[in-house]
$ cat run_8.cif   # mmCIF, C-alpha atoms and all ligand atoms
data_data
#
loop_
_atom_site.label_atom_id
_atom_site.label_comp_id
_atom_site.auth_asym_id
_atom_site.auth_seq_id
_atom_site.Cartn_x
_atom_site.Cartn_y
_atom_site.Cartn_z
CA MET S 1 144.75 -81.22 -173.63
CA LYS S 2 141.70 -83.17 -172.49
CA TYR S 3 141.45 -84.07 -168.82
CA GLN S 4 139.88 -87.33 -167.79
CA ALA S 5 138.89 -88.90 -164.50
CA VAL S 6 141.68 -90.94 -162.91
CA LYS S 7 141.86 -94.57 -164.09
CA GLY S 8 139.42 -96.79 -162.22
CA MET S 9 137.46 -93.80 -160.88
CA LYS S 10 134.20 -92.61 -162.28
CA ASP S 11 132.02 -89.50 -162.34
CA ILE S 12 128.43 -90.13 -161.39
CA VAL S 13 126.54 -87.65 -163.53
CA PRO S 14 122.91 -86.40 -163.61
CA GLY S 15 120.88 -89.16 -165.21
CA GLU S 16 122.92 -91.76 -163.28
CA ILE S 17 122.82 -90.11 -159.88
CA GLU S 18 119.05 -90.51 -159.40
CA ALA S 19 119.34 -94.27 -158.82
CA TRP S 20 122.09 -93.56 -156.26
CA GLN S 21 119.93 -91.01 -154.49
CA VAL S 22 116.95 -93.35 -154.24
CA LEU S 23 119.19 -96.20 -153.07
CA GLU S 24 120.84 -94.05 -150.42
CA GLU S 25 117.53 -92.67 -149.20
CA ARG S 26 115.93 -96.13 -148.97
CA THR S 27 119.03 -97.55 -147.29
CA ARG S 28 119.08 -94.82 -144.67
CA ARG S 29 115.38 -95.33 -143.99
CA PHE S 30 115.85 -99.09 -143.71
CA LEU S 31 118.94 -99.04 -141.48
CA GLU S 32 117.67 -96.26 -139.25
CA ALA S 33 114.47 -98.22 -138.66
CA TYR S 34 116.69 -101.10 -137.49
CA GLY S 35 118.45 -98.82 -135.00
CA PHE S 36 121.62 -97.94 -136.94
CA ARG S 37 123.05 -94.42 -136.76
CA GLU S 38 125.25 -92.88 -139.41
CA ILE S 39 128.93 -92.11 -139.06
CA ARG S 40 131.22 -90.15 -141.41
CA THR S 41 134.94 -90.42 -140.92
CA PRO S 42 137.82 -88.81 -142.85
CA ILE S 43 138.99 -90.50 -146.04
CA LEU S 44 142.56 -90.26 -144.79
CA GLU S 45 143.79 -92.29 -141.85
CA THR S 46 147.27 -93.10 -140.61
CA THR S 47 148.61 -96.06 -142.61
CA ASP S 48 149.31 -98.07 -139.49
CA LEU S 49 145.57 -98.30 -138.70
CA PHE S 50 145.01 -100.41 -141.81
CA SER S 51 148.19 -102.48 -141.79
CA ARG S 52 147.47 -103.42 -138.18
CA SER S 53 143.82 -104.32 -138.68
CA ILE S 54 143.55 -105.65 -142.23
CA GLY S 55 146.96 -107.38 -142.07
CA GLU S 56 150.33 -106.91 -143.76
CA ALA S 57 149.94 -110.01 -145.91
CA SER S 58 146.48 -109.10 -147.23
CA ASP S 59 146.29 -108.04 -150.88
CA ILE S 60 144.72 -104.76 -149.74
CA VAL S 61 147.64 -103.71 -147.55
CA HIS S 62 150.37 -105.42 -149.55
CA LYS S 63 149.37 -104.18 -153.02
CA GLU S 64 146.34 -101.95 -153.15
CA MET S 65 146.53 -99.04 -150.76
CA TYR S 66 146.85 -95.42 -151.83
CA THR S 67 149.55 -94.46 -149.37
CA PHE S 68 151.64 -91.30 -149.34
CA GLU S 69 153.67 -89.16 -147.06
CA ASP S 70 152.11 -85.83 -146.12
CA ARG S 71 154.05 -82.59 -145.78
CA GLY S 72 154.77 -83.39 -142.15
CA GLY S 73 156.36 -86.74 -143.08
CA ARG S 74 153.42 -88.82 -141.77
CA SER S 75 152.39 -91.91 -143.72
CA LEU S 76 148.71 -91.55 -144.62
CA THR S 77 146.37 -93.86 -146.51
CA MET S 78 143.09 -93.29 -148.32
CA ARG S 79 140.81 -95.77 -146.59
CA PRO S 80 140.47 -99.04 -148.50
CA GLU S 81 137.58 -100.06 -146.20
CA MET S 82 135.84 -98.56 -143.22
CA THR S 83 135.65 -101.10 -140.41
CA ALA S 84 139.01 -100.00 -138.99
CA SER S 85 138.05 -96.32 -139.29
CA VAL S 86 134.74 -96.92 -137.53
CA VAL S 87 136.42 -98.74 -134.66
CA ARG S 88 139.05 -95.99 -134.41
CA ALA S 89 136.41 -93.25 -134.37
CA CYS S 90 134.16 -95.04 -131.86
CA LEU S 91 137.11 -95.54 -129.50
CA GLU S 92 138.33 -91.97 -129.98
CA HIS S 93 134.90 -90.55 -129.10
CA ASN S 94 134.02 -93.11 -126.45
CA LEU S 95 130.87 -94.08 -128.31
CA ILE S 96 130.64 -97.72 -127.27
CA PRO S 97 128.32 -98.23 -124.30
CA THR S 98 129.55 -100.60 -121.58
CA HIS S 99 126.49 -102.78 -121.37
CA SER S 100 124.78 -102.49 -124.72
CA PRO S 101 125.70 -102.63 -128.39
CA LEU S 102 126.41 -99.73 -130.73
CA TYR S 103 124.87 -99.95 -134.20
CA ILE S 104 126.62 -97.81 -136.81
CA TYR S 105 126.26 -97.45 -140.58
CA TYR S 106 128.02 -95.58 -143.36
CA ILE S 107 127.65 -94.87 -147.05
CA ALA S 108 131.03 -93.76 -148.25
CA PRO S 109 133.75 -94.07 -150.92
CA MET S 110 136.71 -96.43 -150.51
CA TYR S 111 139.99 -96.57 -152.44
CA ARG S 112 141.89 -99.62 -153.65
CA ALA S 113 144.44 -99.68 -156.46
CA GLU S 114 143.08 -102.86 -157.99
CA ARG S 115 143.05 -103.73 -161.68
CA PRO S 116 139.87 -102.00 -162.87
CA GLN S 117 137.17 -104.01 -164.62
CA ALA S 118 133.37 -104.24 -164.63
CA GLY S 119 132.27 -104.05 -160.99
CA ARG S 120 135.80 -103.41 -159.78
CA LYS S 121 136.83 -99.79 -159.37
CA ARG S 122 139.64 -97.93 -157.67
CA GLU S 123 137.15 -95.59 -156.07
CA PHE S 124 133.97 -97.40 -155.10
CA TYR S 125 131.20 -96.83 -152.57
CA GLN S 126 130.22 -99.09 -149.76
CA ILE S 127 127.09 -99.25 -147.68
CA GLY S 128 128.31 -100.77 -144.44
CA VAL S 129 127.16 -101.55 -140.94
CA GLU S 130 129.15 -102.30 -137.82
CA THR S 131 127.67 -103.65 -134.59
CA LEU S 132 130.11 -103.08 -131.74
CA ASN S 133 129.92 -104.71 -128.34
CA THR S 134 127.99 -107.68 -129.70
CA HIS S 135 128.85 -111.26 -128.90
CA SER S 136 126.15 -113.76 -129.49
CA ALA S 137 125.39 -116.03 -132.40
CA VAL S 138 122.02 -114.29 -132.40
CA ASN S 139 123.75 -111.10 -133.57
CA ASP S 140 125.43 -112.94 -136.48
CA ALA S 141 122.14 -114.48 -137.52
CA GLU S 142 120.21 -111.21 -137.09
CA LEU S 143 122.58 -109.40 -139.45
CA LEU S 144 122.14 -112.06 -142.12
CA ILE S 145 118.37 -112.03 -141.69
CA MET S 146 118.47 -108.23 -142.00
CA ILE S 147 120.60 -108.47 -145.17
CA LYS S 148 117.96 -110.69 -146.76
CA SER S 149 115.16 -108.27 -145.82
CA TYR S 150 117.17 -105.31 -147.07
CA LEU S 151 117.94 -106.84 -150.48
CA GLU S 152 114.33 -107.96 -150.81
CA SER S 153 113.12 -104.47 -149.89
CA LEU S 154 114.99 -103.27 -152.98
CA GLY S 155 113.34 -105.94 -155.10
CA LEU S 156 116.36 -108.26 -155.31
CA SER S 157 115.42 -111.86 -154.60
CA LYS S 158 118.07 -113.91 -156.39
CA PHE S 159 121.19 -113.99 -154.27
CA THR S 160 123.25 -116.57 -152.43
CA ILE S 161 124.61 -116.32 -148.90
CA ARG S 162 127.93 -118.15 -148.55
CA LEU S 163 128.78 -118.89 -144.97
CA ASN S 164 131.80 -120.11 -143.05
CA ASN S 165 133.21 -119.96 -139.57
CA LEU S 166 136.83 -119.20 -138.69
CA GLY S 167 136.48 -120.32 -135.07
CA THR S 168 138.30 -118.94 -132.06
CA SER S 169 141.80 -117.46 -132.26
CA GLU S 170 143.11 -120.82 -131.00
CA ASP S 171 141.19 -122.70 -133.70
CA ARG S 172 142.71 -120.43 -136.29
CA LEU S 173 146.20 -120.86 -134.87
CA ASN S 174 145.88 -124.65 -135.06
CA TYR S 175 144.43 -124.36 -138.54
CA ALA S 176 147.29 -122.09 -139.64
CA LYS S 177 149.82 -124.67 -138.45
CA GLN S 178 148.04 -127.43 -140.34
CA LEU S 179 147.79 -125.26 -143.46
CA THR S 180 151.45 -124.25 -143.28
CA THR S 181 152.52 -127.90 -143.25
CA PHE S 182 150.21 -128.61 -146.17
CA PHE S 183 151.19 -125.63 -148.35
CA LYS S 184 154.91 -125.99 -147.52
CA SER S 185 154.79 -129.45 -149.02
CA HIS S 186 153.61 -127.81 -152.28
CA GLU S 187 155.48 -124.51 -152.09
CA HIS S 188 157.44 -125.02 -155.31
CA LYS S 189 154.11 -125.23 -157.21
CA LEU S 190 152.67 -122.06 -155.63
CA CYS S 191 153.10 -118.57 -157.13
CA ALA S 192 155.48 -115.99 -155.67
CA ASP S 193 152.60 -114.13 -153.98
CA CYS S 194 151.45 -117.33 -152.30
CA ASN S 195 154.95 -117.99 -151.03
CA TYR S 196 154.93 -114.48 -149.56
CA ARG S 197 151.52 -115.13 -147.98
CA LEU S 198 152.80 -118.44 -146.66
CA SER S 199 155.59 -116.66 -144.84
CA LYS S 200 153.31 -113.87 -143.47
CA ASN S 201 149.84 -115.31 -142.94
CA VAL S 202 149.02 -118.65 -144.45
CA LEU S 203 145.25 -118.02 -144.46
CA ARG S 204 145.82 -115.39 -147.12
CA VAL S 205 146.86 -118.13 -149.60
CA PHE S 206 143.12 -118.69 -150.06
CA ASP S 207 142.86 -115.17 -151.58
CA CYS S 208 145.01 -116.25 -154.55
CA LYS S 209 143.37 -116.02 -157.99
CA VAL S 210 146.26 -117.57 -159.98
CA SER S 211 144.88 -120.61 -161.83
CA GLU S 212 148.00 -122.79 -161.26
CA CYS S 213 147.54 -122.47 -157.47
CA GLN S 214 143.87 -123.45 -157.49
CA PRO S 215 144.24 -127.27 -157.61
CA ILE S 216 146.47 -127.12 -154.52
CA ILE S 217 144.17 -124.69 -152.69
CA GLN S 218 141.24 -126.99 -153.46
CA LYS S 219 143.00 -129.86 -151.69
CA ALA S 220 143.90 -127.85 -148.58
CA PRO S 221 142.36 -129.04 -145.29
CA THR S 222 139.37 -127.19 -143.84
CA ILE S 223 139.16 -125.74 -140.34
CA VAL S 224 138.14 -127.87 -137.38
CA LEU S 225 136.12 -125.84 -134.89
CA SER S 226 136.50 -126.19 -131.13
CA LYS S 227 133.42 -127.29 -129.19
CA ASP S 228 132.35 -123.78 -128.20
CA ALA S 229 132.83 -122.26 -131.66
CA GLY S 230 131.14 -125.25 -133.27
CA GLU S 231 128.08 -124.89 -131.00
CA LYS S 232 127.80 -121.19 -131.70
CA PHE S 233 127.96 -121.84 -135.42
CA GLU S 234 125.25 -124.49 -135.12
CA LYS S 235 123.08 -121.90 -133.38
CA VAL S 236 123.61 -119.38 -136.21
CA LYS S 237 122.63 -122.01 -138.75
CA THR S 238 119.54 -123.04 -136.77
CA LEU S 239 118.41 -119.41 -136.42
CA LEU S 240 118.86 -118.86 -140.14
CA LYS S 241 116.86 -121.97 -140.96
CA GLU S 242 114.09 -120.88 -138.60
CA ALA S 243 113.97 -117.49 -140.29
CA GLN S 244 113.96 -119.20 -143.70
CA VAL S 245 117.20 -117.61 -144.81
CA PRO S 246 118.90 -120.05 -147.18
CA PHE S 247 122.69 -120.30 -147.09
CA HIS S 248 125.52 -122.38 -148.53
CA LEU S 249 128.37 -123.58 -146.36
CA GLU S 250 131.68 -122.60 -147.90
CA PRO S 251 134.50 -124.16 -145.81
CA LYS S 252 137.26 -122.35 -147.74
CA LEU S 253 135.76 -118.88 -147.39
CA VAL S 254 138.32 -117.03 -145.26
CA ARG S 255 137.82 -113.42 -146.49
CA GLY S 256 140.69 -111.17 -147.55
CA LEU S 257 141.06 -109.23 -144.29
CA ASP S 258 142.84 -110.50 -141.19
CA TYR S 259 140.51 -109.16 -138.52
CA TYR S 260 137.78 -111.78 -138.96
CA THR S 261 136.98 -114.35 -136.29
CA GLY S 262 133.99 -116.70 -136.07
CA CYS S 263 131.23 -116.28 -138.63
CA VAL S 264 132.17 -114.90 -142.05
CA TYR S 265 130.02 -114.59 -145.14
CA GLU S 266 129.68 -113.29 -148.65
CA VAL S 267 126.55 -112.63 -150.65
CA THR S 268 126.83 -113.24 -154.37
CA THR S 269 124.34 -112.64 -157.11
CA GLU S 270 123.97 -113.30 -160.82
CA GLY S 271 124.44 -110.58 -163.40
CA LEU S 272 127.69 -109.26 -161.93
CA GLY S 273 130.10 -111.27 -164.07
CA ALA S 274 133.43 -112.20 -162.49
CA GLN S 275 133.03 -109.75 -159.61
CA ASP S 276 129.98 -111.43 -158.16
CA ALA S 277 130.50 -110.57 -154.47
CA LEU S 278 127.80 -108.09 -153.67
CA LEU S 279 128.37 -107.97 -149.97
CA ALA S 280 130.75 -109.39 -147.41
CA GLY S 281 131.29 -109.35 -143.70
CA GLY S 282 131.58 -111.24 -140.49
CA ARG S 283 132.59 -111.20 -136.88
CA TYR S 284 135.79 -109.48 -135.75
CA ASP S 285 136.04 -110.08 -132.04
CA GLY S 286 139.72 -109.17 -131.61
CA LEU S 287 139.86 -105.91 -133.58
CA ILE S 288 138.60 -103.45 -130.98
CA GLU S 289 141.10 -104.69 -128.42
CA SER S 290 143.96 -104.71 -130.93
CA LEU S 291 143.23 -101.04 -131.70
CA GLY S 292 143.52 -100.12 -128.03
CA GLY S 293 139.92 -100.63 -126.89
CA PRO S 294 138.22 -103.02 -124.51
CA ARG S 295 137.99 -106.74 -125.13
CA ILE S 296 134.57 -106.79 -126.73
CA GLY S 297 133.15 -108.48 -129.79
CA ALA S 298 131.85 -106.92 -132.96
CA SER S 299 130.56 -107.82 -136.40
CA GLY S 300 129.42 -106.11 -139.56
CA PHE S 301 129.34 -106.17 -143.33
CA ALA S 302 129.75 -103.92 -146.32
CA LEU S 303 128.07 -103.92 -149.67
CA GLY S 304 129.43 -102.52 -152.93
CA VAL S 305 127.06 -99.83 -154.18
CA GLU S 306 128.17 -100.03 -157.85
CA ARG S 307 127.70 -103.79 -157.77
CA LEU S 308 124.29 -103.49 -156.12
CA LEU S 309 123.16 -101.02 -158.80
CA MET S 310 124.47 -103.37 -161.51
CA ALA S 311 122.58 -106.27 -159.94
CA LEU S 312 119.37 -104.23 -159.75
CA GLN S 313 119.74 -103.21 -163.38
CA ALA S 314 120.37 -106.82 -164.43
CA ASN S 315 117.06 -107.63 -162.73
CA GLN S 316 115.24 -104.78 -164.52
CA ILE S 317 114.71 -102.90 -161.27
CA SER S 318 114.85 -99.18 -161.95
CA LEU S 319 115.22 -97.18 -158.75
CA ALA S 320 115.45 -93.86 -160.59
CA ASP S 321 111.79 -94.05 -161.65
CA GLU S 322 110.75 -93.13 -158.13
CA ILE S 323 112.59 -89.80 -158.34
CA LEU S 324 111.68 -89.13 -161.96
CA ARG S 325 107.97 -89.60 -161.26
CA ASN S 326 108.38 -86.77 -158.75
CA THR S 327 110.23 -84.54 -161.20
CA VAL S 328 108.66 -81.57 -162.96
CA TYR S 329 110.10 -80.44 -166.27
CA VAL S 330 109.55 -76.69 -166.54
CA ALA S 331 109.18 -75.78 -170.22
CA GLY S 332 109.96 -72.07 -170.16
CA LEU S 333 108.87 -70.64 -173.49
CA VAL S 334 109.03 -67.12 -172.06
CA THR S 335 112.67 -66.13 -171.94
CA SER S 336 112.57 -62.40 -171.14
CA GLU S 337 114.69 -61.18 -168.24
CA THR S 338 111.59 -60.00 -166.38
CA SER S 339 110.24 -63.58 -166.33
CA CYS S 340 113.01 -64.63 -163.91
CA SER S 341 110.96 -63.86 -160.83
CA PHE S 342 108.08 -65.98 -162.14
CA TYR S 343 110.39 -69.00 -162.55
CA ARG S 344 111.63 -68.32 -159.04
CA ASP S 345 107.98 -68.47 -157.82
CA ILE S 346 107.61 -71.81 -159.59
CA ALA S 347 110.79 -73.12 -157.97
CA LYS S 348 109.60 -72.03 -154.52
CA ALA S 349 106.19 -73.62 -155.08
CA LEU S 350 107.83 -76.91 -156.20
CA PHE S 351 110.04 -76.84 -153.12
CA LEU S 352 107.03 -76.40 -150.83
CA ILE S 353 105.32 -79.51 -152.22
CA GLY S 354 108.51 -81.59 -152.34
CA LYS S 355 108.90 -81.88 -156.10
CA ARG S 356 112.10 -81.64 -158.14
CA GLY S 357 112.37 -79.18 -161.00
CA ILE S 358 114.31 -79.41 -164.23
CA PHE S 359 114.24 -75.90 -165.68
CA SER S 360 114.58 -75.50 -169.41
CA VAL S 361 114.05 -71.84 -170.22
CA GLU S 362 114.73 -71.95 -173.91
CA GLU S 363 113.17 -70.68 -177.10
CA LYS S 364 112.17 -73.91 -178.71
CA SER S 365 108.83 -75.33 -179.71
CA LEU S 366 106.52 -76.75 -177.10
CA SER S 367 106.67 -80.15 -178.80
CA ASN S 368 110.47 -80.15 -178.53
CA HIS S 369 110.22 -79.22 -174.87
CA LEU S 370 107.77 -82.06 -174.26
CA LYS S 371 109.97 -84.50 -176.16
CA GLN S 372 112.80 -83.52 -173.83
CA ALA S 373 110.53 -83.98 -170.78
CA ASN S 374 109.68 -87.47 -172.03
CA LYS S 375 113.31 -88.29 -172.68
CA LEU S 376 114.20 -87.28 -169.13
CA LYS S 377 111.21 -89.39 -167.93
CA ALA S 378 109.86 -86.46 -165.91
CA GLY S 379 106.50 -87.23 -164.29
CA TYR S 380 105.09 -83.77 -165.00
CA ALA S 381 105.64 -80.73 -167.18
CA VAL S 382 104.95 -77.14 -166.25
CA ILE S 383 104.48 -75.07 -169.38
CA VAL S 384 105.07 -71.33 -169.27
CA GLY S 385 103.90 -69.81 -172.56
CA ASP S 386 103.12 -66.11 -173.21
CA ASP S 387 99.48 -66.60 -172.41
CA GLU S 388 100.13 -68.37 -169.12
CA TYR S 389 102.84 -65.90 -168.16
CA ARG S 390 100.54 -62.88 -168.65
CA ALA S 391 97.94 -64.51 -166.37
CA GLY S 392 100.55 -65.47 -163.72
CA GLU S 393 99.68 -69.11 -164.37
CA VAL S 394 101.20 -72.26 -165.84
CA THR S 395 99.83 -75.26 -167.69
CA LEU S 396 100.48 -78.30 -165.56
CA LYS S 397 100.65 -81.59 -167.44
CA GLU S 398 100.81 -85.13 -166.16
CA MET S 399 103.08 -86.81 -168.66
CA THR S 400 101.73 -90.37 -168.72
CA SER S 401 98.01 -89.53 -168.93
CA GLY S 402 98.48 -86.25 -170.79
CA THR S 403 95.90 -84.62 -168.48
CA GLN S 404 96.53 -80.92 -168.04
CA LYS S 405 95.20 -77.92 -166.15
CA ARG S 406 95.89 -74.20 -165.81
CA VAL S 407 96.91 -73.12 -162.30
CA LYS S 408 98.86 -70.53 -160.35
CA PRO S 409 102.08 -71.75 -158.66
CA SER S 410 100.41 -71.08 -155.29
CA GLU S 411 97.81 -73.72 -156.18
CA PHE S 412 100.32 -76.48 -156.95
CA LEU S 413 99.58 -78.63 -153.91
CA LYS S 414 95.91 -78.99 -154.73
CA ALA S 415 96.56 -79.29 -158.45
CA PHE S 416 99.18 -82.05 -158.15
CA ASN S 417 97.08 -83.95 -155.64
CA SER S 418 94.07 -83.93 -157.91
CA PHE S 419 95.76 -85.73 -160.82
P1 LIG A 501 135.33 -106.38 -148.64
O1 LIG A 501 134.97 -107.78 -148.98
O2 LIG A 501 136.72 -105.97 -148.90
O3 LIG A 501 134.96 -106.16 -147.11
O4 LIG A 501 134.37 -105.39 -149.42
C1 LIG A 501 132.96 -105.46 -149.26
C2 LIG A 501 132.28 -105.26 -150.59
O5 LIG A 501 132.75 -104.06 -151.22
C3 LIG A 501 132.55 -106.34 -151.64
O6 LIG A 501 131.73 -107.46 -151.44
C4 LIG A 501 132.23 -105.62 -152.92
O7 LIG A 501 130.83 -105.60 -153.17
C5 LIG A 501 132.69 -104.20 -152.62
N1 LIG A 501 134.02 -103.97 -153.22
C6 LIG A 501 135.22 -104.32 -152.72
N2 LIG A 501 136.21 -103.92 -153.54
C7 LIG A 501 135.63 -103.30 -154.59
C8 LIG A 501 136.11 -102.66 -155.78
N3 LIG A 501 137.42 -102.55 -156.04
N4 LIG A 501 135.22 -102.12 -156.63
C9 LIG A 501 133.89 -102.21 -156.39
N5 LIG A 501 133.38 -102.79 -155.26
C10 LIG A 501 134.22 -103.34 -154.39
C11 LIG A 501 135.19 -104.99 -146.43
O8 LIG A 501 135.51 -103.95 -146.95
C12 LIG A 501 134.87 -105.10 -144.97
N6 LIG A 501 135.18 -103.81 -144.33
C13 LIG A 501 133.42 -105.48 -144.74
C14 LIG A 501 133.07 -105.54 -143.30
C15 LIG A 501 132.42 -104.61 -142.58
N7 LIG A 501 133.36 -106.53 -142.49
C16 LIG A 501 132.93 -106.23 -141.28
N8 LIG A 501 132.36 -105.05 -141.31
#
$ encode --input "run_8.cif" --output "structure tokens"
Amino acid sequence: MKYQAVKGMKDIVPGEIEAWQVLEERTRRFLEAYGFREIRTPILETTDLFSRSIGEASDIVHKEMYTFEDRGGRSLTMRPEMTASVVRACLEHNLIPTHSPLYIYYIAPMYRAERPQAGRKREFYQIGVETLNTHSAVNDAELLIMIKSYLESLGLSKFTIRLNNLGTSEDRLNYAKQLTTFFKSHEHKLCADCNYRLSKNVLRVFDCKVSECQPIIQKAPTIVLSKDAGEKFEKVKTLLKEAQVPFHLEPKLVRGLDYYTGCVYEVTTEGLGAQDALLAGGRYDGLIESLGGPRIGASGFALGVERLLMALQANQISLADEILRNTVYVAGLVTSETSCSFYRDIAKALFLIGKRGIFSVEEKSLSNHLKQANKLKAGYAVIVGDDEYRAGEVTLKEMTSGTQKRVKPSEFLKAFNSF
């Protein structure tokens, strides 16, 4: 019997992982420079946390959660997203300051039992940020400006920001009434899921992907913002224009999670096929209070790591090169047991100068070793032949130029720097 990874879940193996490592390292550096601090929360949460925050009628809660009963009879769910977990954790540990915002980020796996396809997995990673105790339009605009800088810092320049505003809770209530009247007049033409959404939360009808429902959804009215919400939205748009962040207004963008209020957005990019949403987020002013916290605003976004890597690849941006350039292929032609301690010296010396080693202690020809080093795109090779081994030295080779020199492991720093 052959075991395989669970459907919709994927191993990330050596050769693939390097791009992930570079992305994660660059993301941490970027977000930490902007004042965000990392949080890690358990994958499992009580089911109620998600049904309460994301909404019963959402596709996520209604159809996609991995929910089970534990041995103590508690209903637990593998997190389908992390905003609710972050809010729960920040409230539980009293992390939110009274008079200033809390900036949090995470890089973590999420679980949704969706139909798997390119860019849509059942286990997928998100890079996400949450800004708690934030209220102003400036915060909404700042996050979008930061998103643009972040994507550009990775070399991605072709993307589209789609923007909408869901107004105040009163605006949404009025809108829901208007929508209910509209969709009810077409209910016989809507799919069974839409009829369910109509009875639970009419806004969720916009999440429908069934082609027969689309002509009706297209004709649905758009939200009318109250004066205050409208002014705030104008401010966001002005700030974005001033910062030269282009955006498209998308009046039907309501997002598939119930907690959003005010500004919502999605970033799409080419090269992702049908699943073109790279990132999504918005303001969720009522969530903290509904989870038992103070009445304070918040906003954030999350980005799909697999989709981001696909987008980078489609744009010929290879993040892994950065790590591979710093990788040393150790061609160990000496395979005696006594040579172990010498390879250990090499490993220690590589560690001290911050290089990665790929050790191949194998009796094969030097040319085969070097072919392998090239195939792995290692920046350098360290060759340990009989001659070198007897002298306590190695031949250090820079792979692109072919330049090489004989050195002791203790001289690595100087030797690598002088290439
Ligand atoms: P979301 O739109 O459900 O929002 O997911 C955010 C991003 O995660 C998507 O734009 C997409 O790139 C990625 N994603 C979602 N589902 C999958 C999947 N099945 N496979 C691969 N990638 C996927 C949220 O999760 C919110 N918590 C975002 C947020 C944070 N809003 C405020 N703060």
$ residues_near_ligand --input "run_8.cif" --ligand "ligand LIG 501 (chain A)" --cutoff "8 Å" --atoms "all atoms listed in the file" --output "ChimeraX atom specification"
/S:80-84,111-114,116,119-126,128-130,255-257,260,266-267,275-284,299-308
$ closest_residue --input "run_8.cif" --among "S:His62, S:Lys375, S:Lys408, S:Arg115" --to "Tyr196 of chain S" --atoms "all atoms listed in the file"
S:His62
$ closest_residue --input "run_8.cif" --among "S:Gly332, S:Gly293, S:Gly271, S:Gly379" --to "Lys364 of chain S" --atoms "all atoms listed in the file"
S:Gly332
$ closest_residue --input "run_8.cif" --among "S:Ser100, S:Asn374, S:Ser136, S:Asn201" --to "Gly262 of chain S" --atoms "all atoms listed in the file"
S:Ser136
$ atom_distance --input "run_8.cif" --atom1 "atom CA of Phe206 of chain S" --atom2 "atom CA of Ser75 of chain S"
29.0 Å
$ residues_around --input "run_8.cif" --residues "Ile145 of chain S" --least-positions-apart "3" --cutoff "10 Å" --atoms "only C-alpha atoms" --output "MDAnalysis selection string"
chainID S and resid 139:142 148:150 239:240 243:246
$ write_last_selection --input "run_8.cif" --atoms "C-alpha atoms" --output "short mmCIF file (atom, residue, chain, number, x, y, z; two decimals), in the frame of the given file"
data_model
loop_
_atom_site.label_atom_id
_atom_site.label_comp_id
_atom_site.auth_asym_id
_atom_site.auth_seq_id
_atom_site.Cartn_x
_atom_site.Cartn_y
_atom_site.Cartn_z
CA ASN S 139 123.75 -111.10 -133.57
CA ASP S 140 125.43 -112.94 -136.48
CA ALA S 141 122.14 -114.48 -137.52
CA GLU S 142 120.21 -111.21 -137.09
CA LYS S 148 117.96 -110.69 -146.76
CA SER S 149 115.16 -108.27 -145.82
CA TYR S 150 117.17 -105.31 -147.07
CA LEU S 239 118.41 -119.41 -136.42
CA LEU S 240 118.86 -118.86 -140.14
CA ALA S 243 113.97 -117.49 -140.29
CA GLN S 244 113.96 -119.20 -143.70
CA VAL S 245 117.20 -117.61 -144.81
CA PRO S 246 118.90 -120.05 -147.18
#
